[in-house]
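data-v4.txt, holding compact mmCIF, C-alpha atoms:
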```
# COMPACT_ATOMS: atom_id res chain seq x y z
CA MET T 1 35.03 -22.82 35.32
CA PRO T 2 31.57 -24.40 35.78
CA ASP T 3 28.89 -23.69 33.18
CA ASP T 4 26.79 -21.47 35.47
CA GLU T 5 29.81 -19.33 36.35
CA LEU T 6 30.83 -19.10 32.71
CA ALA T 7 27.32 -17.94 31.80
CA ASP T 8 27.64 -15.06 34.30
CA VAL T 9 30.83 -13.65 32.79
CA VAL T 10 30.78 -14.67 29.13
CA THR T 11 28.72 -11.65 27.96
CA ASP T 12 31.17 -9.19 29.58
CA VAL T 13 34.49 -10.67 28.41
CA ASP T 14 35.90 -9.31 25.14
CA VAL T 15 39.26 -11.12 24.88
CA TYR T 16 40.22 -14.71 25.73
CA ALA T 17 43.83 -15.94 25.85
CA ARG T 18 45.24 -19.49 25.45
CA VAL T 19 41.86 -20.86 24.37
CA ASP T 20 41.59 -24.56 23.63
CA PRO T 21 39.10 -25.93 21.05
CA GLU T 22 36.80 -27.18 23.81
CA HIS T 23 36.77 -23.68 25.34
CA LYS T 24 35.63 -22.16 22.04
CA LEU T 25 32.78 -24.62 21.91
CA ARG T 26 31.75 -23.86 25.50
CA ILE T 27 31.82 -20.11 24.88
CA VAL T 28 29.57 -20.47 21.83
CA ARG T 29 27.14 -22.74 23.66
CA SER T 30 27.03 -20.44 26.69
CA LEU T 31 26.15 -17.43 24.52
CA GLN T 32 23.51 -19.42 22.64
CA GLY T 33 22.04 -20.55 25.94
CA GLN T 34 21.39 -16.89 26.76
CA GLY T 35 19.53 -16.31 23.49
CA GLN T 36 22.44 -14.74 21.62
CA VAL T 37 23.05 -15.26 17.91
CA THR T 38 26.68 -16.26 17.56
CA ALA T 39 29.17 -16.09 14.72
CA MET T 40 32.46 -17.99 14.84
CA THR T 41 35.47 -17.44 12.62
CA GLY T 42 38.22 -20.01 12.25
CA ASP T 43 40.78 -21.54 9.92
CA GLY T 44 42.10 -24.66 11.63
CA VAL T 45 40.96 -28.21 12.16
CA ASN T 46 40.47 -27.53 15.87
CA ASP T 47 38.00 -24.73 15.08
CA ALA T 48 35.60 -27.09 13.31
CA PRO T 49 33.42 -28.03 16.35
CA ALA T 50 32.80 -24.39 17.28
CA LEU T 51 32.23 -23.43 13.64
CA LYS T 52 29.62 -26.18 13.39
CA GLN T 53 27.94 -25.21 16.67
CA ALA T 54 27.73 -21.48 15.97
CA ASP T 55 24.67 -20.01 14.27
CA ILE T 56 26.98 -18.68 11.55
CA GLY T 57 30.34 -20.34 11.08
CA VAL T 58 32.81 -18.38 8.95
CA ALA T 59 35.90 -20.13 7.61
CA MET T 60 38.90 -18.46 6.02
CA GLY T 61 39.00 -18.99 2.27
CA ILE T 62 42.77 -18.51 1.78
CA ASN T 63 44.40 -19.93 4.89
CA GLY T 64 41.54 -22.10 6.10
CA THR T 65 41.72 -25.89 6.13
CA GLU T 66 39.29 -28.04 4.21
CA VAL T 67 37.85 -29.32 7.49
CA SER T 68 37.02 -25.79 8.70
CA LYS T 69 35.48 -24.91 5.33
CA GLU T 70 33.27 -28.01 5.42
CA ALA T 71 32.08 -27.17 8.95
CA ALA T 72 31.36 -23.50 8.23
CA ASP T 73 28.19 -21.90 6.86
CA MET T 74 30.12 -19.45 4.72
CA ILE T 75 33.69 -18.93 3.53
CA LEU T 76 35.45 -15.56 3.71
CA ALA T 77 37.17 -15.49 0.34
CA ASP T 78 39.66 -12.72 1.14
CA ASP T 79 40.33 -13.59 4.81
CA ASP T 80 39.59 -9.94 5.68
CA PHE T 81 37.38 -9.45 8.72
CA ALA T 82 36.30 -6.03 7.37
CA THR T 83 34.40 -7.93 4.69
CA ILE T 84 32.18 -9.37 7.43
CA LEU T 85 31.32 -5.83 8.54
CA GLY T 86 30.42 -4.89 4.97
CA ALA T 87 28.25 -8.00 4.64
CA VAL T 88 26.39 -7.17 7.85
CA ARG T 89 25.78 -3.63 6.61
CA GLU T 90 24.48 -4.86 3.26
CA GLY T 91 22.25 -7.43 4.94
CA ARG T 92 20.74 -4.80 7.20
CA GLU T 93 20.14 -2.47 4.27
CA ILE T 94 18.43 -5.26 2.32
CA PHE T 95 16.22 -6.03 5.30
CA SER T 96 15.41 -2.31 5.60
CA ASP T 97 14.42 -2.18 1.91
CA ILE T 98 12.12 -5.17 2.37
CA ARG T 99 10.42 -3.31 5.24
CA LYS T 100 10.06 -0.19 3.07
CA PHE T 101 8.50 -2.24 0.28
CA LEU T 102 6.00 -3.86 2.65
CA ARG T 103 5.28 -0.63 4.53
CA TYR T 104 4.44 1.17 1.31
CA LEU T 105 2.27 -1.55 -0.21
CA LEU T 106 0.33 -2.29 2.98
CA ALA T 107 -0.31 1.40 3.71
CA SER T 108 -1.34 2.13 0.12
CA ASN T 109 -3.70 -0.83 -0.11
CA THR T 110 -5.16 0.01 3.30
CA GLY T 111 -5.94 3.49 2.00
CA GLU T 112 -7.64 2.11 -1.12
CA VAL T 113 -9.76 -0.32 0.89
CA LEU T 114 -10.80 2.38 3.35
CA VAL T 115 -11.78 4.80 0.58
CA VAL T 116 -14.21 2.26 -0.86
CA PHE T 117 -15.39 0.93 2.50
CA LEU T 118 -16.02 4.30 4.13
CA GLY T 119 -17.47 5.69 0.92
CA VAL T 120 -20.05 2.90 0.83
CA VAL T 121 -20.81 2.94 4.56
CA PHE T 122 -21.29 6.72 4.62
CA ALA T 123 -22.65 7.01 1.09
CA ALA T 124 -25.55 9.23 2.13
CA ARG T 125 -23.19 11.71 3.83
CA PHE T 126 -21.03 12.01 0.72
CA GLY T 127 -23.92 12.28 -1.70
CA LEU T 128 -23.14 8.93 -3.34
CA GLU T 129 -26.75 7.77 -3.46
CA HIS T 130 -27.36 9.53 -6.75
CA GLY T 131 -26.12 6.74 -9.01
CA ALA T 132 -28.31 5.00 -11.56
CA ASP T 133 -28.81 2.06 -9.18
CA GLY T 134 -29.22 4.21 -6.10
CA LEU T 135 -25.58 3.95 -4.92
CA ALA T 136 -22.30 4.95 -6.57
CA VAL T 137 -18.91 3.74 -5.31
CA PRO T 138 -16.02 6.19 -4.74
CA LEU T 139 -13.61 4.23 -6.96
CA LEU T 140 -14.37 1.85 -9.81
CA ALA T 141 -12.78 -1.58 -10.09
CA THR T 142 -10.74 -0.53 -13.15
CA GLN T 143 -9.39 2.49 -11.26
CA ILE T 144 -8.32 0.34 -8.30
CA LEU T 145 -6.65 -2.05 -10.74
CA TRP T 146 -4.79 0.87 -12.30
CA ILE T 147 -3.54 1.99 -8.89
CA ASN T 148 -2.37 -1.51 -7.98
CA LEU T 149 -0.66 -2.34 -11.27
CA VAL T 150 0.88 1.00 -12.21
CA THR T 151 1.19 3.18 -9.12
CA ASP T 152 2.10 0.53 -6.55
CA GLY T 153 4.35 -1.40 -8.92
CA ALA T 154 6.76 1.32 -10.05
CA LEU T 155 7.07 3.06 -6.70
CA ALA T 156 7.33 -0.15 -4.67
CA LEU T 157 10.11 -1.49 -6.91
CA ALA T 158 12.00 1.79 -6.51
CA LEU T 159 11.74 1.48 -2.74
CA GLY T 160 13.18 -2.02 -3.01
CA VAL T 161 16.57 -0.53 -3.96
CA ASP T 162 16.38 2.56 -1.77
CA PRO T 163 19.61 3.68 -0.02
CA ALA T 164 19.46 3.53 3.76
CA VAL T 165 18.27 6.76 5.39
CA GLU T 166 19.17 5.49 8.85
CA ASP T 167 22.52 4.51 10.36
CA VAL T 168 21.85 0.78 10.19
CA MET T 169 25.10 -0.14 11.91
CA SER T 170 24.26 1.89 15.03
CA GLU T 171 21.13 -0.12 15.65
CA PRO T 172 21.24 -3.07 18.06
CA PRO T 173 20.81 -6.58 16.63
CA ARG T 174 17.22 -7.61 16.05
CA PRO T 175 15.80 -10.13 18.50
CA VAL T 176 15.50 -13.64 17.09
CA GLY T 177 11.71 -13.58 17.22
CA ALA T 178 11.31 -10.02 15.89
CA ARG T 179 8.61 -9.58 13.26
CA ILE T 180 9.08 -7.75 9.98
CA VAL T 181 5.79 -5.93 10.51
CA ASP T 182 6.39 -4.65 14.03
CA ARG T 183 4.43 -2.17 16.11
CA ALA T 184 6.13 0.89 14.60
CA MET T 185 5.44 -0.26 11.05
CA LEU T 186 1.85 -1.14 11.91
CA ARG T 187 1.33 2.35 13.33
CA SER T 188 2.74 3.87 10.15
CA ILE T 189 0.48 1.70 7.98
CA VAL T 190 -2.62 2.72 9.93
CA VAL T 191 -1.75 6.44 9.97
CA ILE T 192 -0.95 6.66 6.26
CA GLY T 193 -3.84 4.38 5.28
CA LEU T 194 -6.36 6.49 7.19
CA SER T 195 -4.84 9.72 5.85
CA THR T 196 -5.03 8.49 2.26
CA ALA T 197 -8.65 7.48 2.70
CA LEU T 198 -9.49 10.83 4.30
CA VAL T 199 -7.97 13.00 1.56
CA GLY T 200 -9.54 10.82 -1.14
CA LEU T 201 -13.01 11.16 0.36
CA VAL T 202 -12.54 14.90 0.93
CA ALA T 203 -11.64 15.30 -2.76
CA LEU T 204 -14.79 13.36 -3.66
CA ASP T 205 -16.99 15.41 -1.35
CA LEU T 206 -15.57 18.76 -2.47
CA ARG T 207 -16.80 18.13 -6.00
CA LEU T 208 -19.89 15.98 -5.50
CA GLU T 209 -23.28 17.54 -5.01
CA GLY T 210 -25.20 16.60 -1.89
CA GLY T 211 -22.20 15.94 0.34
CA LEU T 212 -20.93 17.45 3.55
CA LEU T 213 -18.78 20.10 1.86
CA GLY T 214 -21.37 21.37 -0.56
CA GLY T 215 -19.94 20.46 -3.96
CA SER T 216 -21.81 21.08 -7.18
CA GLY T 217 -20.27 18.64 -9.66
CA ASP T 218 -21.20 15.34 -11.23
CA ILE T 219 -20.20 11.88 -10.02
CA GLU T 220 -17.68 11.28 -12.84
CA THR T 221 -15.68 14.40 -12.05
CA ALA T 222 -15.89 13.84 -8.29
CA ARG T 223 -14.77 10.23 -8.67
CA THR T 224 -11.89 11.33 -10.92
CA MET T 225 -10.75 13.80 -8.26
CA ALA T 226 -10.86 11.09 -5.60
CA PHE T 227 -9.02 8.69 -7.93
CA THR T 228 -6.34 11.26 -8.72
CA THR T 229 -5.93 12.28 -5.07
CA VAL T 230 -5.40 8.67 -4.00
CA VAL T 231 -2.78 8.19 -6.73
CA LEU T 232 -0.91 11.36 -5.75
CA ALA T 233 -1.20 10.46 -2.06
CA GLN T 234 0.48 7.16 -2.81
CA VAL T 235 3.34 9.01 -4.50
CA VAL T 236 3.73 11.03 -1.29
CA ASN T 237 3.40 7.81 0.71
CA ALA T 238 6.39 6.34 -1.16
CA PHE T 239 8.63 9.04 0.29
CA CYS T 240 7.07 8.71 3.76
CA SER T 241 7.59 4.93 3.73
CA ARG T 242 11.38 5.15 3.61
CA SER T 243 11.46 4.96 7.41
CA ASP T 244 9.24 4.53 10.45
CA THR T 245 11.05 7.26 12.38
CA VAL T 246 13.24 9.38 10.07
CA SER T 247 11.65 12.40 8.37
CA PHE T 248 11.02 12.13 4.65
CA VAL T 249 13.37 15.08 3.99
CA VAL T 250 16.42 13.07 5.12
CA GLY T 251 18.18 11.78 2.01
CA LEU T 252 15.30 13.06 -0.09
CA PHE T 253 17.26 13.10 -3.36
CA THR T 254 19.46 10.04 -2.86
CA ASN T 255 17.13 7.66 -4.72
CA ARG T 256 16.91 8.85 -8.31
CA LEU T 257 14.92 5.78 -9.30
CA LEU T 258 12.20 6.72 -6.82
CA TRP T 259 11.92 10.19 -8.30
CA LEU T 260 11.78 8.68 -11.79
CA ALA T 261 9.02 6.30 -10.69
CA ALA T 262 7.11 9.19 -9.11
CA GLY T 263 7.39 11.23 -12.31
CA ILE T 264 6.22 8.31 -14.46
CA THR T 265 3.30 7.69 -12.10
CA VAL T 266 2.13 11.32 -12.23
CA ALA T 267 2.51 11.43 -16.02
CA ALA T 268 0.54 8.20 -16.37
CA GLN T 269 -2.23 9.60 -14.18
CA VAL T 270 -2.41 12.75 -16.32
CA ALA T 271 -2.76 10.52 -19.38
CA VAL T 272 -5.54 8.46 -17.79
CA VAL T 273 -7.47 11.62 -17.01
CA HIS T 274 -6.93 13.58 -20.25
CA VAL T 275 -6.17 11.13 -23.09
CA PRO T 276 -9.59 10.29 -24.61
CA PHE T 277 -9.29 6.53 -25.11
CA LEU T 278 -7.74 6.04 -21.65
CA SER T 279 -10.30 8.34 -20.09
CA SER T 280 -13.07 6.28 -21.65
CA ALA T 281 -11.54 2.99 -20.50
CA PHE T 282 -11.15 4.14 -16.88
CA ALA T 283 -14.33 6.25 -16.73
CA THR T 284 -12.54 9.48 -15.83
CA ALA T 285 -13.46 13.09 -16.57
CA PRO T 286 -11.01 15.88 -17.51
CA LEU T 287 -9.90 18.03 -14.58
CA SER T 288 -9.09 21.73 -14.59
CA TRP T 289 -5.79 23.11 -13.31
CA GLN T 290 -7.59 24.25 -10.17
CA GLU T 291 -8.93 20.76 -9.57
CA TRP T 292 -5.47 19.26 -10.10
CA GLY T 293 -4.17 21.77 -7.56
CA VAL T 294 -6.77 20.71 -5.02
CA CYS T 295 -5.86 17.04 -5.54
CA GLY T 296 -2.17 17.82 -5.13
CA LEU T 297 -2.63 19.83 -1.94
CA LEU T 298 -4.82 17.14 -0.41
CA ALA T 299 -2.25 14.48 -1.29
CA ILE T 300 0.55 16.49 0.32
CA GLY T 301 -1.62 16.65 3.44
CA VAL T 302 -0.74 12.98 4.03
CA LEU T 303 2.69 14.21 5.13
CA ILE T 304 1.34 15.96 8.23
CA PRO T 305 0.07 12.97 10.24
CA ALA T 306 2.95 10.82 8.96
CA GLU T 307 5.59 13.30 10.15
CA VAL T 308 3.82 13.83 13.48
CA SER T 309 3.72 10.07 14.04
CA LYS T 310 7.45 9.79 13.28
CA TRP T 311 8.26 12.68 15.63
CA LEU T 312 6.31 11.07 18.46
CA LEU T 313 8.06 7.75 17.85
CA ARG T 314 11.51 9.41 17.85
CA ARG T 315 10.63 11.17 21.10
CA SER T 316 9.45 7.92 22.66
CA GLU T 317 12.65 6.10 21.66
CA ALA T 318 14.81 8.93 22.99
CA ARG T 319 13.07 8.75 26.36
CA ARG T 320 13.44 5.00 26.49
CA ARG T 321 17.18 5.15 25.76
CA SER T 322 17.76 7.89 28.34
CA ARG T 323 16.40 5.72 31.15
```

Take the structure I supplied and represent it as structure tokens, if you would.
Amino acid sequence: MPDDELADVVTDVDVYARVDPEHKLRIVRSLQGQGQVTAMTGDGVNDAPALKQADIGVAMGINGTEVSKEAADMILADDDFATILGAVREGREIFSDIRKFLRYLLASNTGEVLVVFLGVVFAARFGLEHGADGLAVPLLATQILWINLVTDGALALALGVDPAVEDVMSEPPRPVGARIVDRAMLRSIVVIGLSTALVGLVALDLRLEGGLLGGSGDIETARTMAFTTVVLAQVVNAFCSRSDTVSFVVGLFTNRLLWLAAGITVAAQVAVVHVPFLSSAFATAPLSWQEWGVCGLLAIGVLIPAEVSKWLLRRSEARRRSR
């Protein structure tokens, strides 16, 4: 069969009979020529050329020859093809956890940056021009450092070992040139980042005198409310970041480490606000139960745009697959 004819049929054929070593090599090359990522399993000397040519050559560890093992990229120690399936599943779950880690950190840091940026740009609207030097920032440098070192660290590490909330084996293979930060992830980062900034600035404005919402408090208390709201919003963000499309309620209690990290983060934030020496170091003011409630409700508000964005994305994917 000529190469062009082989290329037309090779993607539709599932079983080949009486295949010579040269045929195996041609099949692999034909699939690679069409942009496919190929894996080849083999145990004999004659399999070595195809094992070498394939993107991933897998030799049998028990019955395989030394030549096939040398030509392969990996060796299947138990000669059980089901192990390959398990390895693919684990690899996809690891890749998914990397995406969760990045999604969370990028969205959280985007929210922090936007809180400071928008707070400075629209300082007059929020009543921030009452500082000693004419302008007060929404978050202090020490508070941002606390968020990055404590909040982001514990929650991001917990996401790094998060069980899959999606059926990773039902998804098609990723294209060779696919990016880790794709369009869906970028949309999630923007939505959560903007939402975090919004609730943080609303918390600031609710308490600060001279703003849009008519607060009557001092800058220290208002800044503490904004600081606390951003921290709590990032706890909520950790649960939203488990998927670009799946609702946060799916598998909500499967990651105990994430819940532990969330509890530690909230407890640490309470300490920063109410323990005197920590409060002095981070320039925070004690909050009442009502103010804590306002911060918590605003932080939970991050869920609304995140869930709407996921629903729209699920709907878009369903339409695309039905065509």

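Going from CA of Asp4 in chain T to CA of Lys52 in chain T covers 22.8 Å.
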
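Nearest to Val116 in chain T of all the residues T:Ser243, T:Asn46, T:Thr151, T:Thr196 is T:Thr196, counting all atoms listed in the file.
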
Self-check item: T:Leu155, T:Leu201, T:Val249, T:Ile219 ranked by distance to Asn237 in chain T, top pick (using all atoms listed in the file)
Solution: T:Leu155

Quiz item: In Å, with one decimal, what is the gap from CA of Val273 in chain T to CA of Asp152 in chain T?
Solution: 18.0 Å

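Minimum atom-to-atom distance to Leu85 in chain T, evaluated using all atoms listed in the file, belongs to T:Met169 out of T:Val294, T:Ala233, T:Ile98, T:Met169.
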
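Among T:Leu208, T:Ala158, T:Val190, T:Val176, the residue with the shortest atom-to-atom distance to Ala261 in chain T, counting all atoms listed in the file, is T:Ala158.
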
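For the pair CA of Ala48 in chain T and CA of Arg26 in chain T, the interatomic distance is 13.2 Å.
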
Nearby residues (all atoms listed in the file) at most 10 Å from Val272 in chain T, same-chain spacing under 4 positions excluded, as a PDB file with C-alpha atoms, in the coordinates of the input:
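In the end it all went to around16.pdb:
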```pdb
ATOM      1  CA  GLN T 143      -9.390   2.490 -11.260  1.00  0.00           C
ATOM      2  CA  TRP T 146      -4.790   0.870 -12.300  1.00  0.00           C
ATOM      3  CA  THR T 224     -11.890  11.330 -10.920  1.00  0.00           C
ATOM      4  CA  THR T 228      -6.340  11.260  -8.720  1.00  0.00           C
ATOM      5  CA  VAL T 266       2.130  11.320 -12.230  1.00  0.00           C
ATOM      6  CA  ALA T 267       2.510  11.430 -16.020  1.00  0.00           C
ATOM      7  CA  ALA T 268       0.540   8.200 -16.370  1.00  0.00           C
ATOM      8  CA  PRO T 276      -9.590  10.290 -24.610  1.00  0.00           C
ATOM      9  CA  PHE T 277      -9.290   6.530 -25.110  1.00  0.00           C
ATOM     10  CA  LEU T 278      -7.740   6.040 -21.650  1.00  0.00           C
ATOM     11  CA  SER T 279     -10.300   8.340 -20.090  1.00  0.00           C
ATOM     12  CA  SER T 280     -13.070   6.280 -21.650  1.00  0.00           C
ATOM     13  CA  ALA T 281     -11.540   2.990 -20.500  1.00  0.00           C
ATOM     14  CA  PHE T 282     -11.150   4.140 -16.880  1.00  0.00           C
ATOM     15  CA  ALA T 283     -14.330   6.250 -16.730  1.00  0.00           C
ATOM     16  CA  THR T 284     -12.540   9.480 -15.830  1.00  0.00           C
ATOM     17  CA  ALA T 285     -13.460  13.090 -16.570  1.00  0.00           C
ATOM     18  CA  PRO T 286     -11.010  15.880 -17.510  1.00  0.00           C
TER      19      PRO T 286
END
```

Practice problem: Select, from T:Ala164, T:Leu212, T:Val230, T:Val15, the residue with the minimum atom-to-atom distance to Ile300 in chain T, counting only C-alpha atoms. | Solution: T:Val230

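Nearest to Leu139 in chain T of all the residues T:Ala178, T:Ala50, T:Ala72, T:Val231 is T:Val231, counting all atoms listed in the file.
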
Practice problem: Would you kindly return, as a ChimeraX atom specification, each protein, DNA or RNA residue with an atom no farther than 10 Å from any atom of Phe248 in chain T, considering only C-alpha atoms and excluding same-chain residues fewer than 4 positions away? | Solution: /T:165,236-244,252,303,306-307,310

Show me, as a short mmCIF file (atom, residue, chain, number, x, y, z; two decimals) with C-alpha atoms, keeping the file's coordinate frame, the residues that have an atom within 7 Å of Met74 in chain T when counting all atoms listed in the file, minus same-chain residues fewer than 3 positions from it.
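The new file around13.cif reads:
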```
data_model
loop_
_atom_site.label_atom_id
_atom_site.label_comp_id
_atom_site.auth_asym_id
_atom_site.auth_seq_id
_atom_site.Cartn_x
_atom_site.Cartn_y
_atom_site.Cartn_z
CA GLY T 57 30.34 -20.34 11.08
CA VAL T 58 32.81 -18.38 8.95
CA ALA T 59 35.90 -20.13 7.61
#
```

Quiz prompt | Neighbours of point (23.5, -10.3, 20.4) within 9 Å, using all atoms listed in the file, written as a PyMOL selection string | solution = chain T and resi 31+35-38+172-175

Now that the selection is made, can you save its residues with C-alpha atoms as a short mmCIF file (atom, residue, chain, number, x, y, z; two decimals), in the frame of the given file?
```cif
data_model
loop_
_atom_site.label_atom_id
_atom_site.label_comp_id
_atom_site.auth_asym_id
_atom_site.auth_seq_id
_atom_site.Cartn_x
_atom_site.Cartn_y
_atom_site.Cartn_z
CA LEU T 31 26.15 -17.43 24.52
CA GLY T 35 19.53 -16.31 23.49
CA GLN T 36 22.44 -14.74 21.62
CA VAL T 37 23.05 -15.26 17.91
CA THR T 38 26.68 -16.26 17.56
CA PRO T 172 21.24 -3.07 18.06
CA PRO T 173 20.81 -6.58 16.63
CA ARG T 174 17.22 -7.61 16.05
CA PRO T 175 15.80 -10.13 18.50
#
```

Residues near Ser30 in chain T, anyone? I mean within 9 Å using only C-alpha atoms, not counting same-chain ones fewer than 5 positions away, as a PDB file with C-alpha atoms, keeping the file's coordinate frame.
```pdb
ATOM      1  CA  ASP T   3      28.890 -23.690  33.180  1.00  0.00           C
ATOM      2  CA  ASP T   4      26.790 -21.470  35.470  1.00  0.00           C
ATOM      3  CA  LEU T   6      30.830 -19.100  32.710  1.00  0.00           C
ATOM      4  CA  ALA T   7      27.320 -17.940  31.800  1.00  0.00           C
ATOM      5  CA  VAL T  10      30.780 -14.670  29.130  1.00  0.00           C
ATOM      6  CA  LEU T  25      32.780 -24.620  21.910  1.00  0.00           C
ATOM      7  CA  GLN T  36      22.440 -14.740  21.620  1.00  0.00           C
TER       8      GLN T  36
END
```

Exercise. Show which residues sit within 6 Å of Ser68 in chain T, as a ChimeraX atom specification. Count only C-alpha atoms, and ignore same-chain residues fewer than 2 positions away.
Key: /T:43-45,48,59,65-66,70-71

Put a box with edges along x, y and z around all the listed atoms of range 185-188 of chain T, pad it by 4 Å on each side, then give me its centre and sizes in Å, one decimal, as AutoDock Vina command-line options.
```
--center_x 3.4 --center_y 1.4 --center_z 11.7 --size_x 12.1 --size_y 13.0 --size_z 11.2
```

Exercise. Taking (16.1, 2.5, 2.9) in the file's own coordinates, collect the residues within 10 Å, counting all atoms listed in the file, and hand them back as a ChimeraX atom specification.
Key: /T:92-101,159-166,168,241-243,251,255
